[in-house]
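Below is structure06.tsv, which holds TSV, N, CA and C atoms.
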chain	number	residue	atom	x	y	z
A	36	MET	N	0.86	-1.18	0.00
A	36	MET	CA	0.00	0.00	0.00
A	36	MET	C	0.90	1.24	0.00
A	37	ASN	N	0.73	2.11	-1.00
A	37	ASN	CA	1.61	3.27	-1.05
A	37	ASN	C	1.12	4.36	-0.09
A	38	SER	N	2.03	5.28	0.21
A	38	SER	CA	1.73	6.29	1.23
A	38	SER	C	0.63	7.26	0.78
A	39	GLU	N	0.51	7.51	-0.53
A	39	GLU	CA	-0.54	8.41	-1.00
A	39	GLU	C	-1.92	7.81	-0.74
A	40	ARG	N	-2.11	6.52	-0.97
A	40	ARG	CA	-3.40	5.87	-0.70
A	40	ARG	C	-3.71	5.89	0.79
A	41	VAL	N	-2.68	5.65	1.61
A	41	VAL	CA	-2.91	5.67	3.06
A	41	VAL	C	-3.33	7.07	3.49
A	42	PHE	N	-2.66	8.11	2.97
A	42	PHE	CA	-3.00	9.48	3.33
A	42	PHE	C	-4.43	9.80	2.92
A	43	LYS	N	-4.81	9.45	1.69
A	43	LYS	CA	-6.17	9.71	1.22
A	43	LYS	C	-7.20	8.99	2.08
A	44	GLY	N	-6.85	7.82	2.58
A	44	GLY	CA	-7.76	7.09	3.45
A	44	GLY	C	-7.97	7.76	4.79
A	45	TRP	N	-6.94	8.45	5.27
A	45	TRP	CA	-7.03	9.10	6.57
A	45	TRP	C	-7.72	10.46	6.51
A	46	VAL	N	-7.80	11.08	5.33
A	46	VAL	CA	-8.40	12.41	5.22
A	46	VAL	C	-9.83	12.42	5.76
A	47	PRO	N	-10.72	11.52	5.30
A	47	PRO	CA	-12.07	11.56	5.87
A	47	PRO	C	-12.12	11.13	7.33
A	48	VAL	N	-11.21	10.26	7.72
A	48	VAL	CA	-11.21	9.76	9.11
A	48	VAL	C	-10.86	10.89	10.07
A	49	ILE	N	-10.00	11.78	9.67
A	49	ILE	CA	-9.60	12.90	10.53
A	49	ILE	C	-10.43	14.14	10.22
A	50	GLY	N	-10.64	14.41	8.93
A	50	GLY	CA	-11.30	15.64	8.53
A	50	GLY	C	-12.76	15.74	8.89
A	51	VAL	N	-13.51	14.66	8.70
A	51	VAL	CA	-14.96	14.71	8.96
A	51	VAL	C	-15.24	14.93	10.45
A	52	PRO	N	-14.64	14.16	11.35
A	52	PRO	CA	-14.89	14.46	12.77
A	52	PRO	C	-14.41	15.85	13.19
A	53	ALA	N	-13.31	16.31	12.58
A	53	ALA	CA	-12.83	17.66	12.90
A	53	ALA	C	-13.86	18.71	12.47
A	54	LEU	N	-14.39	18.56	11.27
A	54	LEU	CA	-15.42	19.49	10.78
A	54	LEU	C	-16.65	19.45	11.66
A	55	PHE	N	-17.12	18.25	12.01
A	55	PHE	CA	-18.31	18.12	12.84
A	55	PHE	C	-18.05	18.69	14.25
A	56	THR	N	-16.86	18.50	14.78
A	56	THR	CA	-16.53	19.03	16.10
A	56	THR	C	-16.53	20.55	16.08
A	57	VAL	N	-15.93	21.14	15.05
A	57	VAL	CA	-15.92	22.60	14.93
A	57	VAL	C	-17.34	23.12	14.84
A	58	ALA	N	-18.18	22.48	14.03
A	58	ALA	CA	-19.57	22.92	13.90
A	58	ALA	C	-20.29	22.81	15.24
A	59	PHE	N	-20.04	21.74	15.98
A	59	PHE	CA	-20.69	21.56	17.28
A	59	PHE	C	-20.24	22.65	18.27
A	60	VAL	N	-18.94	22.94	18.29
A	60	VAL	CA	-18.39	23.92	19.23
A	60	VAL	C	-18.82	25.34	18.89
A	61	LEU	N	-18.99	25.64	17.60
A	61	LEU	CA	-19.38	26.99	17.19
A	61	LEU	C	-20.71	27.42	17.81
A	62	TRP	N	-21.53	26.46	18.18
A	62	TRP	CA	-22.81	26.78	18.83
A	62	TRP	C	-22.58	27.66	20.06
A	63	TYR	N	-21.49	27.41	20.76
A	63	TYR	CA	-21.21	28.12	22.00
A	63	TYR	C	-20.54	29.47	21.76
A	64	PHE	N	-20.26	29.80	20.50
A	64	PHE	CA	-19.68	31.08	20.12
A	64	PHE	C	-20.51	31.69	18.99
A	65	PRO	N	-21.75	32.09	19.28
A	65	PRO	CA	-22.65	32.55	18.22
A	65	PRO	C	-22.12	33.76	17.45
A	66	GLN	N	-21.27	34.57	18.09
A	66	GLN	CA	-20.72	35.72	17.39
A	66	GLN	C	-19.83	35.29	16.22
A	67	LEU	N	-19.20	34.12	16.31
A	67	LEU	CA	-18.37	33.62	15.21
A	67	LEU	C	-19.21	33.11	14.06
A	68	VAL	N	-20.37	32.55	14.35
A	68	VAL	CA	-21.23	32.01	13.30
A	68	VAL	C	-21.77	33.13	12.42
A	69	LYS	N	-21.92	34.32	12.99
A	69	LYS	CA	-22.46	35.44	12.23
A	69	LYS	C	-21.41	36.15	11.37
A	70	VAL	N	-20.13	35.80	11.53
A	70	VAL	CA	-19.07	36.42	10.75
A	70	VAL	C	-19.17	35.92	9.31
A	71	PRO	N	-19.26	36.84	8.33
A	71	PRO	CA	-19.33	36.39	6.94
A	71	PRO	C	-18.00	35.80	6.49
A	72	VAL	N	-18.02	34.55	6.10
A	72	VAL	CA	-16.78	33.90	5.68
A	72	VAL	C	-16.81	33.51	4.20
A	73	CYS	N	-17.89	33.82	3.52
A	73	CYS	CA	-18.00	33.45	2.12
A	73	CYS	C	-17.28	34.48	1.26
A	74	GLY	N	-16.21	34.06	0.61
A	74	GLY	CA	-15.44	34.95	-0.24
A	74	GLY	C	-16.25	35.47	-1.41
A	75	VAL	N	-17.10	34.62	-1.98
A	75	VAL	CA	-17.94	35.04	-3.12
A	75	VAL	C	-18.88	36.16	-2.69
A	76	LYS	N	-19.54	35.96	-1.56
A	76	LYS	CA	-20.48	36.98	-1.09
A	76	LYS	C	-19.76	38.28	-0.73
A	77	MET	N	-18.57	38.17	-0.15
A	77	MET	CA	-17.82	39.37	0.21
A	77	MET	C	-17.34	40.11	-1.03
A	78	MET	N	-16.95	39.37	-2.10
A	78	MET	CA	-16.41	40.02	-3.30
A	78	MET	C	-17.49	40.58	-4.22
A	79	ILE	N	-18.55	39.80	-4.47
A	79	ILE	CA	-19.53	40.26	-5.46
A	79	ILE	C	-20.90	40.53	-4.86
A	80	GLY	N	-21.06	40.29	-3.58
A	80	GLY	CA	-22.32	40.61	-2.92
A	80	GLY	C	-23.44	39.61	-3.12
A	81	VAL	N	-23.15	38.49	-3.77
A	81	VAL	CA	-24.15	37.46	-4.02
A	81	VAL	C	-23.73	36.19	-3.28
A	82	PRO	N	-24.63	35.60	-2.52
A	82	PRO	CA	-24.26	34.36	-1.83
A	82	PRO	C	-23.98	33.22	-2.81
A	83	CYS	N	-23.07	32.36	-2.44
A	83	CYS	CA	-22.74	31.20	-3.28
A	83	CYS	C	-23.65	30.02	-2.89
A	84	PRO	N	-23.62	28.94	-3.66
A	84	PRO	CA	-24.47	27.79	-3.32
A	84	PRO	C	-24.17	27.19	-1.94
A	85	GLY	N	-22.97	27.39	-1.45
A	85	GLY	CA	-22.60	26.83	-0.15
A	85	GLY	C	-22.84	27.76	1.02
A	86	CYS	N	-23.32	28.97	0.74
A	86	CYS	CA	-23.57	29.92	1.84
A	86	CYS	C	-24.57	29.33	2.83
A	87	GLY	N	-24.25	29.45	4.09
A	87	GLY	CA	-25.12	28.95	5.15
A	87	GLY	C	-24.81	27.53	5.59
A	88	LEU	N	-23.84	26.87	4.92
A	88	LEU	CA	-23.55	25.48	5.30
A	88	LEU	C	-23.00	25.36	6.71
A	89	VAL	N	-22.11	26.28	7.10
A	89	VAL	CA	-21.54	26.19	8.45
A	89	VAL	C	-22.65	26.36	9.47
A	90	ARG	N	-23.49	27.37	9.28
A	90	ARG	CA	-24.61	27.58	10.22
A	90	ARG	C	-25.57	26.40	10.19
A	91	SER	N	-25.77	25.83	9.00
A	91	SER	CA	-26.63	24.65	8.87
A	91	SER	C	-26.08	23.49	9.69
A	92	PHE	N	-24.76	23.25	9.60
A	92	PHE	CA	-24.12	22.19	10.37
A	92	PHE	C	-24.22	22.47	11.87
A	93	VAL	N	-23.98	23.73	12.25
A	93	VAL	CA	-23.99	24.08	13.68
A	93	VAL	C	-25.33	23.74	14.31
A	94	VAL	N	-26.42	24.19	13.70
A	94	VAL	CA	-27.72	23.93	14.31
A	94	VAL	C	-28.14	22.47	14.14
A	95	LEU	N	-27.69	21.82	13.07
A	95	LEU	CA	-28.01	20.40	12.87
A	95	LEU	C	-27.39	19.56	13.98
A	96	PHE	N	-26.15	19.85	14.34
A	96	PHE	CA	-25.48	19.06	15.37
A	96	PHE	C	-26.00	19.35	16.77
A	97	HIS	N	-26.91	20.31	16.86
A	97	HIS	CA	-27.59	20.56	18.13
A	97	HIS	C	-29.06	20.20	18.02
A	98	GLY	N	-29.39	19.43	16.96
A	98	GLY	CA	-30.72	18.83	16.86
A	98	GLY	C	-31.81	19.66	16.22
A	99	ASP	N	-31.48	20.83	15.69
A	99	ASP	CA	-32.51	21.68	15.10
A	99	ASP	C	-32.54	21.50	13.58
A	100	ILE	N	-33.30	20.53	13.14
A	100	ILE	CA	-33.35	20.19	11.72
A	100	ILE	C	-34.02	21.29	10.91
A	101	VAL	N	-35.09	21.88	11.43
A	101	VAL	CA	-35.81	22.93	10.70
A	101	VAL	C	-34.90	24.14	10.47
A	102	GLU	N	-34.19	24.54	11.49
A	102	GLU	CA	-33.26	25.68	11.36
A	102	GLU	C	-32.11	25.34	10.41
A	103	SER	N	-31.67	24.09	10.44
A	103	SER	CA	-30.61	23.65	9.53
A	103	SER	C	-31.07	23.78	8.07
A	104	ILE	N	-32.30	23.37	7.80
A	104	ILE	CA	-32.85	23.49	6.45
A	104	ILE	C	-32.99	24.96	6.06
A	105	TYR	N	-33.34	25.81	7.02
A	105	TYR	CA	-33.47	27.24	6.75
A	105	TYR	C	-32.14	27.83	6.29
A	106	PHE	N	-31.05	27.50	6.97
A	106	PHE	CA	-29.75	28.07	6.62
A	106	PHE	C	-29.24	27.56	5.28
A	107	ASN	N	-29.35	26.27	5.02
A	107	ASN	CA	-28.99	25.70	3.73
A	107	ASN	C	-29.63	24.32	3.64
A	108	PRO	N	-30.61	24.15	2.76
A	108	PRO	CA	-31.32	22.88	2.67
A	108	PRO	C	-30.42	21.68	2.37
A	109	MET	N	-29.29	21.92	1.74
A	109	MET	CA	-28.39	20.81	1.40
A	109	MET	C	-27.46	20.44	2.56
A	110	GLY	N	-27.51	21.18	3.65
A	110	GLY	CA	-26.64	20.90	4.79
A	110	GLY	C	-26.83	19.50	5.35
A	111	ILE	N	-28.08	19.07	5.45
A	111	ILE	CA	-28.37	17.74	5.99
A	111	ILE	C	-27.83	16.66	5.04
A	112	VAL	N	-28.03	16.87	3.75
A	112	VAL	CA	-27.55	15.91	2.76
A	112	VAL	C	-26.02	15.81	2.80
A	113	ILE	N	-25.36	16.96	2.86
A	113	ILE	CA	-23.90	16.97	2.89
A	113	ILE	C	-23.38	16.34	4.18
A	114	ALA	N	-24.02	16.63	5.31
A	114	ALA	CA	-23.60	16.02	6.57
A	114	ALA	C	-23.74	14.51	6.51
A	115	GLY	N	-24.83	14.02	5.92
A	115	GLY	CA	-25.02	12.58	5.76
A	115	GLY	C	-23.96	11.96	4.86
A	116	ALA	N	-23.65	12.64	3.76
A	116	ALA	CA	-22.62	12.13	2.84
A	116	ALA	C	-21.25	12.10	3.51
A	117	LEU	N	-20.96	13.13	4.29
A	117	LEU	CA	-19.67	13.14	5.00
A	117	LEU	C	-19.60	12.04	6.05
A	118	ALA	N	-20.69	11.81	6.75
A	118	ALA	CA	-20.72	10.72	7.74
A	118	ALA	C	-20.51	9.37	7.05
A	119	TYR	N	-21.14	9.19	5.91
A	119	TYR	CA	-20.97	7.95	5.14
A	119	TYR	C	-19.52	7.79	4.67
A	120	ALA	N	-18.92	8.87	4.19
A	120	ALA	CA	-17.51	8.82	3.75
A	120	ALA	C	-16.60	8.46	4.92
A	121	PHE	N	-16.91	8.98	6.09
A	121	PHE	CA	-16.12	8.67	7.29
A	121	PHE	C	-16.19	7.18	7.62
A	122	VAL	N	-17.39	6.63	7.63
A	122	VAL	CA	-17.58	5.21	7.96
A	122	VAL	C	-16.88	4.32	6.93
A	123	ARG	N	-17.02	4.65	5.65
A	123	ARG	CA	-16.36	3.86	4.59
A	123	ARG	C	-14.84	3.92	4.72
A	124	ALA	N	-14.30	5.11	4.98
A	124	ALA	CA	-12.85	5.25	5.11
A	124	ALA	C	-12.34	4.50	6.33
A	125	LEU	N	-13.06	4.58	7.42
A	125	LEU	CA	-12.66	3.88	8.63
A	125	LEU	C	-12.67	2.37	8.40
A	126	ALA	N	-13.69	1.88	7.73
A	126	ALA	CA	-13.77	0.44	7.44
A	126	ALA	C	-12.64	0.01	6.51
A	127	ARG	N	-12.34	0.84	5.50
A	127	ARG	CA	-11.26	0.51	4.56
A	127	ARG	C	-9.91	0.47	5.27
A	128	LEU	N	-9.68	1.44	6.17
A	128	LEU	CA	-8.41	1.47	6.90
A	128	LEU	C	-8.29	0.32	7.90
A	129	SER	N	-9.41	-0.18	8.36
A	129	SER	CA	-9.39	-1.29	9.31
A	129	SER	C	-9.16	-2.62	8.61
A	130	GLY	N	-9.15	-2.59	7.27
A	130	GLY	CA	-8.93	-3.82	6.51
A	130	GLY	C	-10.20	-4.56	6.16
A	131	ARG	N	-11.35	-4.01	6.50
A	131	ARG	CA	-12.63	-4.63	6.17
A	131	ARG	C	-13.51	-3.64	5.42
A	132	PRO	N	-13.17	-3.35	4.17
A	132	PRO	CA	-13.94	-2.35	3.42
A	132	PRO	C	-15.39	-2.76	3.23
A	133	LEU	N	-16.25	-1.78	3.24
A	133	LEU	CA	-17.68	-2.01	3.03
A	133	LEU	C	-17.98	-2.10	1.54
A	134	LYS	N	-18.98	-2.90	1.21
A	134	LYS	CA	-19.40	-2.95	-0.18
A	134	LYS	C	-20.06	-1.62	-0.52
A	135	PRO	N	-19.81	-1.10	-1.73
A	135	PRO	CA	-20.43	0.17	-2.10
A	135	PRO	C	-21.96	0.05	-2.15
A	136	LEU	N	-22.63	1.11	-1.77
A	136	LEU	CA	-24.09	1.11	-1.83
A	136	LEU	C	-24.58	1.18	-3.27
A	137	LEU	N	-23.83	1.88	-4.12
A	137	LEU	CA	-24.25	2.10	-5.50
A	137	LEU	C	-23.11	1.74	-6.46
A	138	SER	N	-23.48	1.44	-7.67
A	138	SER	CA	-22.47	1.20	-8.70
A	138	SER	C	-21.84	2.54	-9.10
A	139	ASP	N	-20.76	2.49	-9.87
A	139	ASP	CA	-20.10	3.73	-10.30
A	139	ASP	C	-21.04	4.61	-11.11
A	140	SER	N	-21.81	4.00	-12.01
A	140	SER	CA	-22.73	4.81	-12.82
A	140	SER	C	-23.84	5.41	-11.95
A	141	ALA	N	-24.33	4.67	-10.99
A	141	ALA	CA	-25.35	5.20	-10.07
A	141	ALA	C	-24.76	6.32	-9.21
A	142	ASN	N	-23.50	6.17	-8.80
A	142	ASN	CA	-22.83	7.23	-8.03
A	142	ASN	C	-22.76	8.52	-8.84
A	143	ARG	N	-22.44	8.41	-10.13
A	143	ARG	CA	-22.38	9.59	-10.99
A	143	ARG	C	-23.76	10.24	-11.12
A	144	ILE	N	-24.79	9.43	-11.23
A	144	ILE	CA	-26.15	9.96	-11.32
A	144	ILE	C	-26.52	10.70	-10.04
A	145	VAL	N	-26.23	10.09	-8.90
A	145	VAL	CA	-26.53	10.72	-7.61
A	145	VAL	C	-25.75	12.02	-7.46
A	146	LEU	N	-24.49	12.03	-7.87
A	146	LEU	CA	-23.68	13.25	-7.79
A	146	LEU	C	-24.28	14.35	-8.67
A	147	ASN	N	-24.70	14.00	-9.88
A	147	ASN	CA	-25.31	14.99	-10.77
A	147	ASN	C	-26.61	15.52	-10.19
A	148	ILE	N	-27.42	14.65	-9.60
A	148	ILE	CA	-28.67	15.09	-8.96
A	148	ILE	C	-28.36	16.02	-7.80
A	149	PHE	N	-27.34	15.69	-7.03
A	149	PHE	CA	-26.94	16.54	-5.90
A	149	PHE	C	-26.52	17.93	-6.39
A	150	ILE	N	-25.69	17.97	-7.43
A	150	ILE	CA	-25.22	19.26	-7.95
A	150	ILE	C	-26.40	20.08	-8.48
A	151	ILE	N	-27.30	19.44	-9.19
A	151	ILE	CA	-28.49	20.14	-9.70
A	151	ILE	C	-29.34	20.65	-8.54
A	152	ALA	N	-29.54	19.83	-7.52
A	152	ALA	CA	-30.33	20.26	-6.35
A	152	ALA	C	-29.66	21.43	-5.65
A	153	LEU	N	-28.35	21.40	-5.52
A	153	LEU	CA	-27.61	22.49	-4.89
A	153	LEU	C	-27.79	23.78	-5.68
A	154	LEU	N	-27.70	23.69	-7.00
A	154	LEU	CA	-27.87	24.88	-7.83
A	154	LEU	C	-29.31	25.39	-7.83
A	155	VAL	N	-30.27	24.47	-7.84
A	155	VAL	CA	-31.68	24.87	-7.81
A	155	VAL	C	-32.01	25.59	-6.51
A	156	GLN	N	-31.57	25.03	-5.38
A	156	GLN	CA	-31.85	25.69	-4.11
A	156	GLN	C	-31.14	27.04	-4.02
A	157	TRP	N	-29.99	27.17	-4.66
A	157	TRP	CA	-29.26	28.43	-4.68
A	157	TRP	C	-30.04	29.47	-5.49
A	158	VAL	N	-30.50	29.09	-6.68
A	158	VAL	CA	-31.26	30.02	-7.54
A	158	VAL	C	-32.56	30.43	-6.84
A	159	ILE	N	-33.25	29.49	-6.22
A	159	ILE	CA	-34.48	29.83	-5.50
A	159	ILE	C	-34.18	30.81	-4.36
A	160	GLY	N	-33.08	30.57	-3.65
A	160	GLY	CA	-32.68	31.48	-2.60
A	160	GLY	C	-32.38	32.89	-3.12
A	161	LEU	N	-31.72	32.96	-4.28
A	161	LEU	CA	-31.43	34.26	-4.88
A	161	LEU	C	-32.72	34.98	-5.28
A	162	ILE	N	-33.67	34.24	-5.82
A	162	ILE	CA	-34.94	34.83	-6.25
A	162	ILE	C	-35.73	35.34	-5.04
A	163	LEU	N	-35.74	34.56	-3.97
A	163	LEU	CA	-36.53	34.92	-2.79
A	163	LEU	C	-35.90	36.01	-1.94
A	164	SER	N	-34.59	36.23	-2.11
A	164	SER	CA	-33.94	37.25	-1.25
A	164	SER	C	-33.96	38.62	-1.85
Taking this structure as input, can you express it in the form of structure tokens?
Amino acid sequence: MNSERVFKGWVPVIGVPALFTVAFVLWYFPQLVKVPVCGVKMMIGVPCPGCGLVRSFVVLFHGDIVESIYFNPMGIVIAGALAYAFVRALARLSGRPLKPLLSDSANRIVLNIFIIALLVQWVIGLILS
């Protein structure tokens, strides 16, 4: 097993819990959650498709699903996908990889649907704001 594959395997194992931990802890520092961190919004004044994801994660990890959907409807989907990536990476590193849920072609279809949904919710948000 080469070192690049091992490193790629550890990225979700370390990165996903780190991201979830930061989102959980940010709840206790509400002034940080209100800081605009979106470079697109700061530069051109228009929110990007990912705007609100951090706030969506923060309230989601404290059990407020409705508020999470309000901040970014795709936050729940992305959190679920990240959790799944974490479990798969952990299983692969343990030497007992999980069977994929979908075939490669089905994965591409799901990814395309996700991207379209992200863009649609972004356009709707732009229209409503």
Please identify every residue of segment 83-153 of chain A that has at least one atom no farther than 12 Å from an atom of segment 42-57 of chain A, counting only C-alpha atoms, and for each give the shortest atom pair and the distance in Å to one decimal, arranged by chain then increasing number, as a tab-separated table.
residue	atom	partner	partner_atom	distance
A:Leu88	CA	A:Leu54	CA	11.5
A:Val89	CA	A:Val57	CA	9.3
A:Arg90	CA	A:Val57	CA	11.1
A:Ser91	CA	A:Phe55	CA	11.3
A:Phe92	CA	A:Phe55	CA	7.5
A:Val93	CA	A:Phe55	CA	8.3
A:Val94	CA	A:Phe55	CA	11.2
A:Leu95	CA	A:Phe55	CA	10.0
A:Phe96	CA	A:Phe55	CA	7.7
A:His97	CA	A:Phe55	CA	11.0
A:Gly110	CA	A:Phe55	CA	11.9
A:Ile113	CA	A:Val51	CA	11.0
A:Ala114	CA	A:Phe55	CA	8.5
A:Gly115	CA	A:Val51	CA	10.8
A:Ala116	CA	A:Val51	CA	10.1
A:Leu117	CA	A:Val51	CA	6.4
A:Ala118	CA	A:Val51	CA	7.1
A:Tyr119	CA	A:Pro47	CA	9.6
A:Ala120	CA	A:Pro47	CA	6.4
A:Phe121	CA	A:Pro47	CA	5.2
A:Val122	CA	A:Val48	CA	7.9
A:Arg123	CA	A:Pro47	CA	8.9
A:Ala124	CA	A:Gly44	CA	5.7
A:Leu125	CA	A:Val48	CA	6.1
A:Ala126	CA	A:Val48	CA	9.8
A:Arg127	CA	A:Gly44	CA	7.5
A:Leu128	CA	A:Gly44	CA	6.6
A:Ser129	CA	A:Gly44	CA	10.4
A:Gly130	CA	A:Gly44	CA	11.4
A:Pro132	CA	A:Gly44	CA	11.3
> atom N of Ser164 of chain A and atom CA of Ile104 of chain A, how far apart in Å?
Replying inline: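 A separation of 15.4 Å between them.
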> If you measure from atom C of Gly85 of chain A to atom C of Leu153 of chain A, what distance in Å do you get, rounded to one decimal?
Replying inline: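 Answer for the atom C of Gly85 of chain A to atom C of Leu153 of chain A separation: 9.2 Å.
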> DSSP on the backbone: what in chain A comes out alpha helix (DSSP H), as number ranges by chain?
Replying inline: A: 38-61, 65-68, 74-79, 88-95, 100-106, 110-128, 139-163
>> Measuring between only C-alpha atoms, which one of A:Cys86, A:Leu161, A:Leu136, A:Met77 shows the shortest distance to Met109 of chain A?
In response: A:Cys86
> By how many Å are atom CA of Ile159 of chain A and atom N of Pro108 of chain A apart?
Replying inline: 10.7 Å
Assuming the input is short of atoms at segment 102-114 of chain A, produce N, CA, C and O atoms for that part as a PDB file, in the coordinates of the input.
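See out.pdb below for the written result:
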ATOM      1  N   GLU A 102     -34.190  24.540  11.490  1.00  0.00           N
ATOM      2  CA  GLU A 102     -33.260  25.680  11.360  1.00  0.00           C
ATOM      3  C   GLU A 102     -32.110  25.340  10.410  1.00  0.00           C
ATOM      4  O   GLU A 102     -31.652  26.176   9.643  1.00  0.00           O
ATOM      5  N   SER A 103     -31.670  24.090  10.440  1.00  0.00           N
ATOM      6  CA  SER A 103     -30.610  23.650   9.530  1.00  0.00           C
ATOM      7  C   SER A 103     -31.070  23.780   8.070  1.00  0.00           C
ATOM      8  O   SER A 103     -30.323  24.267   7.218  1.00  0.00           O
ATOM      9  N   ILE A 104     -32.300  23.370   7.800  1.00  0.00           N
ATOM     10  CA  ILE A 104     -32.850  23.490   6.450  1.00  0.00           C
ATOM     11  C   ILE A 104     -32.990  24.960   6.060  1.00  0.00           C
ATOM     12  O   ILE A 104     -32.745  25.338   4.919  1.00  0.00           O
ATOM     13  N   TYR A 105     -33.340  25.810   7.020  1.00  0.00           N
ATOM     14  CA  TYR A 105     -33.470  27.240   6.750  1.00  0.00           C
ATOM     15  C   TYR A 105     -32.140  27.830   6.290  1.00  0.00           C
ATOM     16  O   TYR A 105     -32.088  28.602   5.333  1.00  0.00           O
ATOM     17  N   PHE A 106     -31.050  27.500   6.970  1.00  0.00           N
ATOM     18  CA  PHE A 106     -29.750  28.070   6.620  1.00  0.00           C
ATOM     19  C   PHE A 106     -29.240  27.560   5.280  1.00  0.00           C
ATOM     20  O   PHE A 106     -28.698  28.322   4.498  1.00  0.00           O
ATOM     21  N   ASN A 107     -29.350  26.270   5.020  1.00  0.00           N
ATOM     22  CA  ASN A 107     -28.990  25.700   3.730  1.00  0.00           C
ATOM     23  C   ASN A 107     -29.630  24.320   3.640  1.00  0.00           C
ATOM     24  O   ASN A 107     -29.223  23.404   4.355  1.00  0.00           O
ATOM     25  N   PRO A 108     -30.610  24.150   2.760  1.00  0.00           N
ATOM     26  CA  PRO A 108     -31.320  22.880   2.670  1.00  0.00           C
ATOM     27  C   PRO A 108     -30.420  21.680   2.370  1.00  0.00           C
ATOM     28  O   PRO A 108     -30.742  20.562   2.721  1.00  0.00           O
ATOM     29  N   MET A 109     -29.290  21.920   1.740  1.00  0.00           N
ATOM     30  CA  MET A 109     -28.390  20.810   1.400  1.00  0.00           C
ATOM     31  C   MET A 109     -27.460  20.440   2.560  1.00  0.00           C
ATOM     32  O   MET A 109     -26.722  19.467   2.468  1.00  0.00           O
ATOM     33  N   GLY A 110     -27.510  21.180   3.650  1.00  0.00           N
ATOM     34  CA  GLY A 110     -26.640  20.900   4.790  1.00  0.00           C
ATOM     35  C   GLY A 110     -26.830  19.500   5.350  1.00  0.00           C
ATOM     36  O   GLY A 110     -25.864  18.803   5.664  1.00  0.00           O
ATOM     37  N   ILE A 111     -28.080  19.070   5.450  1.00  0.00           N
ATOM     38  CA  ILE A 111     -28.370  17.740   5.990  1.00  0.00           C
ATOM     39  C   ILE A 111     -27.830  16.660   5.040  1.00  0.00           C
ATOM     40  O   ILE A 111     -27.243  15.673   5.477  1.00  0.00           O
ATOM     41  N   VAL A 112     -28.030  16.870   3.750  1.00  0.00           N
ATOM     42  CA  VAL A 112     -27.550  15.910   2.760  1.00  0.00           C
ATOM     43  C   VAL A 112     -26.020  15.810   2.800  1.00  0.00           C
ATOM     44  O   VAL A 112     -25.450  14.713   2.791  1.00  0.00           O
ATOM     45  N   ILE A 113     -25.360  16.960   2.860  1.00  0.00           N
ATOM     46  CA  ILE A 113     -23.900  16.970   2.890  1.00  0.00           C
ATOM     47  C   ILE A 113     -23.380  16.340   4.180  1.00  0.00           C
ATOM     48  O   ILE A 113     -22.411  15.578   4.158  1.00  0.00           O
ATOM     49  N   ALA A 114     -24.020  16.630   5.310  1.00  0.00           N
ATOM     50  CA  ALA A 114     -23.600  16.020   6.570  1.00  0.00           C
ATOM     51  C   ALA A 114     -23.740  14.510   6.510  1.00  0.00           C
ATOM     52  O   ALA A 114     -22.858  13.769   6.966  1.00  0.00           O
TER      53      ALA A 114
END
